[in-house]
Structure formats: structure tokens, C-alpha cells
$ cat protein-v4.cif   # mmCIF, C-alpha atoms
data_entry
loop_
_atom_site.label_atom_id
_atom_site.label_comp_id
_atom_site.auth_asym_id
_atom_site.auth_seq_id
_atom_site.Cartn_x
_atom_site.Cartn_y
_atom_site.Cartn_z
CA MET I 1 100.74 3.76 -41.84
CA LEU I 2 100.36 0.15 -40.80
CA ASN I 3 100.07 1.09 -37.15
CA GLU I 4 97.50 3.68 -37.96
CA GLY I 5 95.42 1.12 -39.84
CA LEU I 6 95.58 -1.32 -36.96
CA LEU I 7 94.57 1.43 -34.59
CA ASN I 8 91.56 2.26 -36.71
CA MET I 9 90.53 -1.39 -36.86
CA THR I 10 90.83 -1.65 -33.11
CA LYS I 11 88.59 1.41 -32.69
CA ASP I 12 86.08 -0.01 -35.09
CA ASN I 13 85.97 -3.29 -33.19
CA THR I 14 85.58 -1.45 -29.93
CA ASN I 15 82.76 0.64 -31.33
CA LYS I 16 81.03 -2.47 -32.62
CA LYS I 17 81.28 -4.11 -29.20
CA ILE I 18 79.89 -0.98 -27.60
CA MET I 19 77.02 -0.89 -30.06
CA ILE I 20 76.35 -4.58 -29.49
CA GLU I 21 76.27 -4.01 -25.73
CA ILE I 22 73.97 -1.05 -26.16
CA LEU I 23 71.64 -3.08 -28.37
CA LYS I 24 71.66 -5.90 -25.83
CA GLN I 25 70.82 -3.44 -23.05
CA ILE I 26 68.04 -1.91 -25.10
CA THR I 27 66.66 -5.38 -25.87
CA THR I 28 66.81 -6.27 -22.18
CA ASN I 29 65.02 -3.07 -21.23
CA ILE I 30 62.35 -3.69 -23.85
CA ASN I 31 61.83 -7.24 -22.58
CA ASP I 32 61.64 -5.93 -19.02
CA LEU I 33 59.08 -3.34 -20.08
CA LYS I 34 57.05 -6.02 -21.86
CA ALA I 35 57.17 -8.24 -18.80
CA ASP I 36 56.17 -5.34 -16.54
CA PHE I 37 53.38 -4.37 -18.92
CA ASN I 38 52.09 -7.95 -19.06
CA ARG I 39 52.22 -8.19 -15.28
CA GLN I 40 50.31 -4.94 -14.84
CA PHE I 41 47.83 -5.97 -17.52
CA TYR I 42 47.24 -9.28 -15.75
CA GLU I 43 46.82 -7.58 -12.37
CA THR I 44 44.42 -5.06 -13.91
CA ASN I 45 42.33 -7.86 -15.39
CA GLN I 46 42.26 -9.56 -12.01
CA ARG I 47 41.05 -6.36 -10.37
CA ILE I 48 38.40 -5.93 -13.06
CA ASP I 49 37.24 -9.51 -12.47
CA GLU I 50 37.06 -8.84 -8.73
CA LEU I 51 35.06 -5.66 -9.34
CA VAL I 52 32.67 -7.54 -11.63
CA GLN I 53 32.19 -10.20 -8.95
CA ARG I 54 31.54 -7.52 -6.34
CA LEU I 55 29.03 -5.82 -8.62
CA ASP I 56 27.29 -9.16 -9.14
CA ARG I 57 27.08 -9.65 -5.38
CA ILE I 58 25.79 -6.10 -4.94
CA ASP I 59 23.17 -6.73 -7.64
CA GLN I 60 22.11 -9.96 -5.92
CA ASN I 61 21.92 -8.19 -2.57
CA THR I 62 19.92 -5.37 -4.16
CA HIS I 63 17.39 -7.84 -5.57
CA PHE I 64 17.21 -9.59 -2.21
CA ILE I 65 16.66 -6.30 -0.37
CA ALA I 66 14.00 -5.28 -2.92
CA GLU I 67 12.17 -8.57 -2.39
CA GLU I 68 12.36 -8.16 1.38
CA ILE I 69 11.05 -4.59 1.13
CA SER I 70 8.20 -5.81 -1.07
CA LYS I 71 7.35 -8.52 1.48
CA LEU I 72 7.52 -5.97 4.28
CA LYS I 73 5.19 -3.63 2.40
CA MET I 74 2.72 -6.47 1.91
CA ASP I 75 2.90 -7.33 5.61
CA ILE I 76 2.41 -3.68 6.57
CA HIS I 77 -0.49 -3.33 4.13
CA GLY I 78 -2.08 -6.48 5.48
CA GLN I 79 -1.67 -5.20 9.03
CA VAL I 80 -3.20 -1.82 8.15
CA VAL I 81 -6.15 -3.48 6.41
CA HIS I 82 -6.63 -5.75 9.41
CA GLU I 83 -6.54 -2.79 11.81
CA LYS I 84 -9.10 -0.92 9.70
CA THR I 85 -11.49 -3.82 9.21
CA GLU I 86 -11.25 -5.37 12.67
CA PRO I 87 -13.49 -2.76 14.42
CA ILE I 88 -16.12 -3.12 11.68
CA LEU I 89 -16.06 -6.92 11.92
CA GLN I 90 -16.39 -6.71 15.69
CA LYS I 91 -19.44 -4.46 15.36
CA LEU I 92 -21.02 -6.79 12.81
CA GLU I 93 -20.42 -9.73 15.13
CA VAL I 94 -22.21 -7.85 17.90
CA ILE I 95 -25.15 -7.15 15.58
CA GLU I 96 -25.38 -10.80 14.50
CA GLN I 97 -25.24 -11.94 18.11
CA MET I 98 -28.02 -9.56 19.09
CA GLN I 99 -30.14 -10.74 16.17
CA ASP I 100 -29.63 -14.38 17.17
CA GLU I 101 -30.68 -13.59 20.73
CA ASN I 102 -33.75 -11.59 19.56
CA CYS I 103 -32.36 -8.49 21.23
CA LEU I 104 -33.45 -6.07 18.55
CA ASN I 105 -36.86 -5.02 19.87
CA PRO I 106 -38.51 -1.66 20.70
CA VAL I 107 -38.59 -2.31 24.45
CA GLN I 108 -34.82 -2.64 24.74
CA MET I 109 -34.19 0.39 22.53
CA ASN I 110 -34.30 3.17 25.09
CA ASN I 111 -35.42 5.77 22.57
CA SER I 112 -38.90 7.17 22.36
CA SER I 113 -40.55 7.56 18.97
CA GLU I 114 -40.48 11.33 19.46
CA HIS I 115 -36.72 11.30 20.05
CA LEU I 116 -36.12 9.08 17.02
CA ALA I 117 -38.32 11.24 14.82
CA GLU I 118 -36.54 14.41 15.92
CA LEU I 119 -33.11 12.88 15.42
CA TRP I 120 -34.01 11.60 11.96
CA LYS I 121 -35.52 14.96 11.02
CA ASN I 122 -32.16 16.59 11.81
CA VAL I 123 -30.38 13.95 9.75
CA LEU I 124 -32.64 14.46 6.74
CA THR I 125 -32.24 18.23 6.98
CA GLN I 126 -28.48 17.89 6.63
CA VAL I 127 -28.74 15.22 3.93
CA GLU I 128 -31.09 17.42 1.90
CA GLN I 129 -28.44 20.15 1.88
CA GLN I 130 -25.83 17.83 0.37
CA ILE I 131 -27.71 15.98 -2.39
CA SER I 132 -30.03 16.97 -5.20
CA LYS I 133 -33.72 17.51 -4.49
CA PRO I 134 -34.89 14.72 -6.89
CA SER I 135 -32.55 12.24 -5.19
CA PHE I 136 -33.75 13.29 -1.75
CA GLU I 137 -37.42 13.04 -2.77
CA THR I 138 -36.88 9.63 -4.40
CA TRP I 139 -34.72 7.82 -1.87
CA LEU I 140 -34.77 9.52 1.53
CA LYS I 141 -38.01 11.38 2.07
CA SER I 142 -39.95 8.21 2.89
CA THR I 143 -37.34 6.74 5.26
CA ASN I 144 -37.56 6.59 9.06
CA LEU I 145 -35.20 5.96 11.95
CA LEU I 146 -36.72 2.92 13.68
CA SER I 147 -34.17 2.45 16.45
CA TYR I 148 -30.93 3.78 17.82
CA ASN I 149 -29.17 1.63 20.39
CA GLU I 150 -26.28 3.39 22.15
CA SER I 151 -25.06 0.23 23.86
CA SER I 152 -24.49 -1.68 20.62
CA VAL I 153 -23.87 1.51 18.60
CA THR I 154 -26.38 0.57 15.91
CA ALA I 155 -29.07 2.46 14.08
CA ILE I 156 -31.84 0.89 11.98
CA VAL I 157 -33.36 2.87 9.13
CA SER I 158 -36.46 1.73 7.27
CA ALA I 159 -36.91 1.93 3.49
CA PRO I 160 -40.18 1.54 1.56
CA ASN I 161 -38.96 -1.44 -0.48
CA SER I 162 -35.97 -3.69 -1.06
CA PHE I 163 -34.79 -1.74 -4.11
CA ALA I 164 -34.72 1.50 -2.13
CA ARG I 165 -33.03 -0.31 0.75
CA ASP I 166 -30.24 -1.57 -1.52
CA TRP I 167 -29.82 1.84 -3.13
CA LEU I 168 -29.56 3.56 0.24
CA ALA I 169 -27.01 1.03 1.46
CA ASN I 170 -24.86 1.37 -1.65
CA HIS I 171 -25.06 5.15 -2.19
CA TYR I 172 -25.99 6.95 1.04
CA ALA I 173 -24.73 4.80 3.91
CA HIS I 174 -21.50 6.75 4.27
CA LEU I 175 -23.23 10.14 4.22
CA ILE I 176 -25.93 9.13 6.71
CA THR I 177 -23.39 7.45 9.00
CA THR I 178 -21.25 10.59 9.03
CA ILE I 179 -24.18 12.84 9.92
CA LEU I 180 -25.54 10.49 12.59
CA THR I 181 -22.10 10.16 14.13
CA LYS I 182 -21.79 13.93 14.27
CA LEU I 183 -25.25 14.33 15.87
CA THR I 184 -24.97 11.49 18.39
CA GLY I 185 -21.26 11.46 19.12
CA GLN I 186 -21.25 7.70 18.46
CA ASP I 187 -19.37 5.82 15.74
CA LEU I 188 -22.43 4.04 14.40
CA VAL I 189 -23.16 1.04 12.21
CA ILE I 190 -26.20 1.68 10.00
CA GLN I 191 -28.65 -1.02 8.96
CA PHE I 192 -31.21 -0.43 6.24
CA VAL I 193 -34.36 -2.56 6.44
CA VAL I 194 -37.70 -3.04 4.75
CA GLN I 195 -40.46 -2.83 7.36
CA LYS I 196 -43.01 -5.40 6.27
CA ASN I 197 -45.60 -5.67 9.04
CA GLN I 198 -44.57 -2.83 11.38
CA ASP I 199 -42.83 -5.44 13.54
CA ILE I 200 -39.11 -5.03 14.02
CA ASP I 201 -38.63 -8.82 14.19
CA ASP I 202 -40.10 -9.00 10.68
CA PHE I 203 -37.57 -6.67 9.02
CA ASP I 204 -35.66 -7.75 5.97
CA LEU I 205 -32.20 -6.85 7.33
CA LEU I 206 -29.24 -5.91 5.17
CA VAL I 207 -25.74 -5.35 6.43
CA PRO I 208 -24.78 -1.96 4.93
CA MET I 209 -22.05 -1.31 2.38
CA HIS I 210 -20.36 1.93 3.46
CA THR I 211 -19.84 3.66 0.14
CA LYS I 212 -20.16 7.28 -0.84
CA GLU I 213 -22.74 8.56 -3.33
#

$ encode --input "protein-v4.cif" --output "C-alpha cells"
Amino acid sequence: MLNEGLLNMTKDNTNKKIMIEILKQITTNINDLKADFNRQFYETNQRIDELVQRLDRIDQNTHFIAEEISKLKMDIHGQVVHEKTEPILQKLEVIEQMQDENCLNPVQMNNSSEHLAELWKNVLTQVEQQISKPSFETWLKSTNLLSYNESSVTAIVSAPNSFARDWLANHYAHLITTILTKLTGQDLVIQFVVQKNQDIDDFDLLVPMHTKE
């Protein structure tokens, strides 16, 4: 009986040691898992920080590219405007130079009065088809084509008074220019004037504003 009791005690002690070892192993495994989890968590945070930094750089680059595109658009727009306005400015410079040199006179305009009258009649016929009759009677019926110079590509149209001249320039310049260009084959610059004393040097000149009616 005594030996059996000792044997049971020995088994109990052995079982306790085994349990203790198992608990130690479990504790070690848990600590290892915690350490591994903490390491992975730290590495994940580092990767997230790196991604955030990359996104910040991408955002900065996007803003920079957007600003550069905006500048490029402005440069392109400025270039287009310059290309569109440059021919008009050149023509106006030619007109101003000719006025300064007293070149605008009937002798140098190689167009007879009959030719000018016929050309203007054709212009008015087409204009009359595109605007109302009251407008035509009020603003265009009393106008005349005084000169048409192919070399300087200019045409001078007389109006009965300064108010009519301004109205023609602001509302009918584009229409008349289009028709004259079609009839003559020349890209013209139109000038509306008030003929005071039937002398072309005595016209009240106005550089036209090319706007539609």
C-alpha cells in the first residue's frame, strides 16, 4: 500500500511538471505571437506612412501639372489671339500709313465711278435679302461705295451722318465685309466715313468694328 501511494505521488508530480512545461510553452508561444503581431503591425504602419507620403507627392505633382497645363493653355490662347489679330493690325497699319502719306485719293483708286456703283449695287442687293426692309431703308439705302483699292485691300463706304456711320460700323460691318469679300475675292478692310464736302481728303474716317448685326 505504501509503495502504491508513493507511486501515485510520483505520477502526480510528473503530471504537474508536464502541465507546468505545457503552460510555459503556451506562454512562450503567446509571447511570440504577440511579438510577431506587434512587428507586423509596426511594419504595416510604416507601409501606410510611406503610402501617405507617396500620395502627398502625387497630389503635389498633380497640382504642379495642373498649374503647368493652365499656363500652357494661357500661352496657347495668347498665341491664337495674336495670330488672329496680327493680320488685322497689319492692315490697319497700312491704312494709317496711306492716310499719313495722303494716298487715299480718287486718282490712285483705279476704279471708275461706274464700276464702284455697280459693285455697291450688287452688295446692297445681297444685304437687302438678309436684313429687314426698315433697317435697309434706314441705314443702307443712302450709302455709297466711294473707293475700292485692291493694292491695300481697303474699301471706303460713305454714310449720310456720323450717327449712321457709327451704326453701320457696329452692326453691319461684318455682313458688308463678307459680301464684298465674296464679290471681289479680296479679304477687305471696310472703312465707314461721313462725306462732308465731296472731297475724299475731307472724310471723317472711322476704323470699323467688325461685329455682326

$ resolve_selection --input "protein-v4.cif" --expression "the PyMOL selection byres ((chain I and resi 181) around 12)" --output "PyMOL selection string"
chain I and resi 119+123+148+150+153-155+173-180+182-190

$ atom_distance --input "protein-v4.cif" --atom1 "atom CA of Gln40 of chain I" --atom2 "atom CA of Leu55 of chain I"
22.2 Å

$ atom_distance --input "protein-v4.cif" --atom1 "atom CA of Trp139 of chain I" --atom2 "atom CA of Phe163 of chain I"
9.8 Å

$ closest_residue --input "protein-v4.cif" --among "I:Val194, I:Met19, I:Ile26, I:Tyr172" --to "Ile131 of chain I" --atoms "only C-alpha atoms"
I:Tyr172

$ resolve_selection --input "protein-v4.cif" --expression "the PyMOL selection byres ((chain I and resi 142) around 10)" --output "list in words"
Phe136, Glu137, Thr138, Trp139, Leu140, Lys141, Thr143, Asn144, Ser158, Ala159, Pro160 and Ala164 of chain I

$ atom_distance --input "protein-v4.cif" --atom1 "atom CA of Gln25 of chain I" --atom2 "atom CA of Thr44 of chain I"
28.0 Å
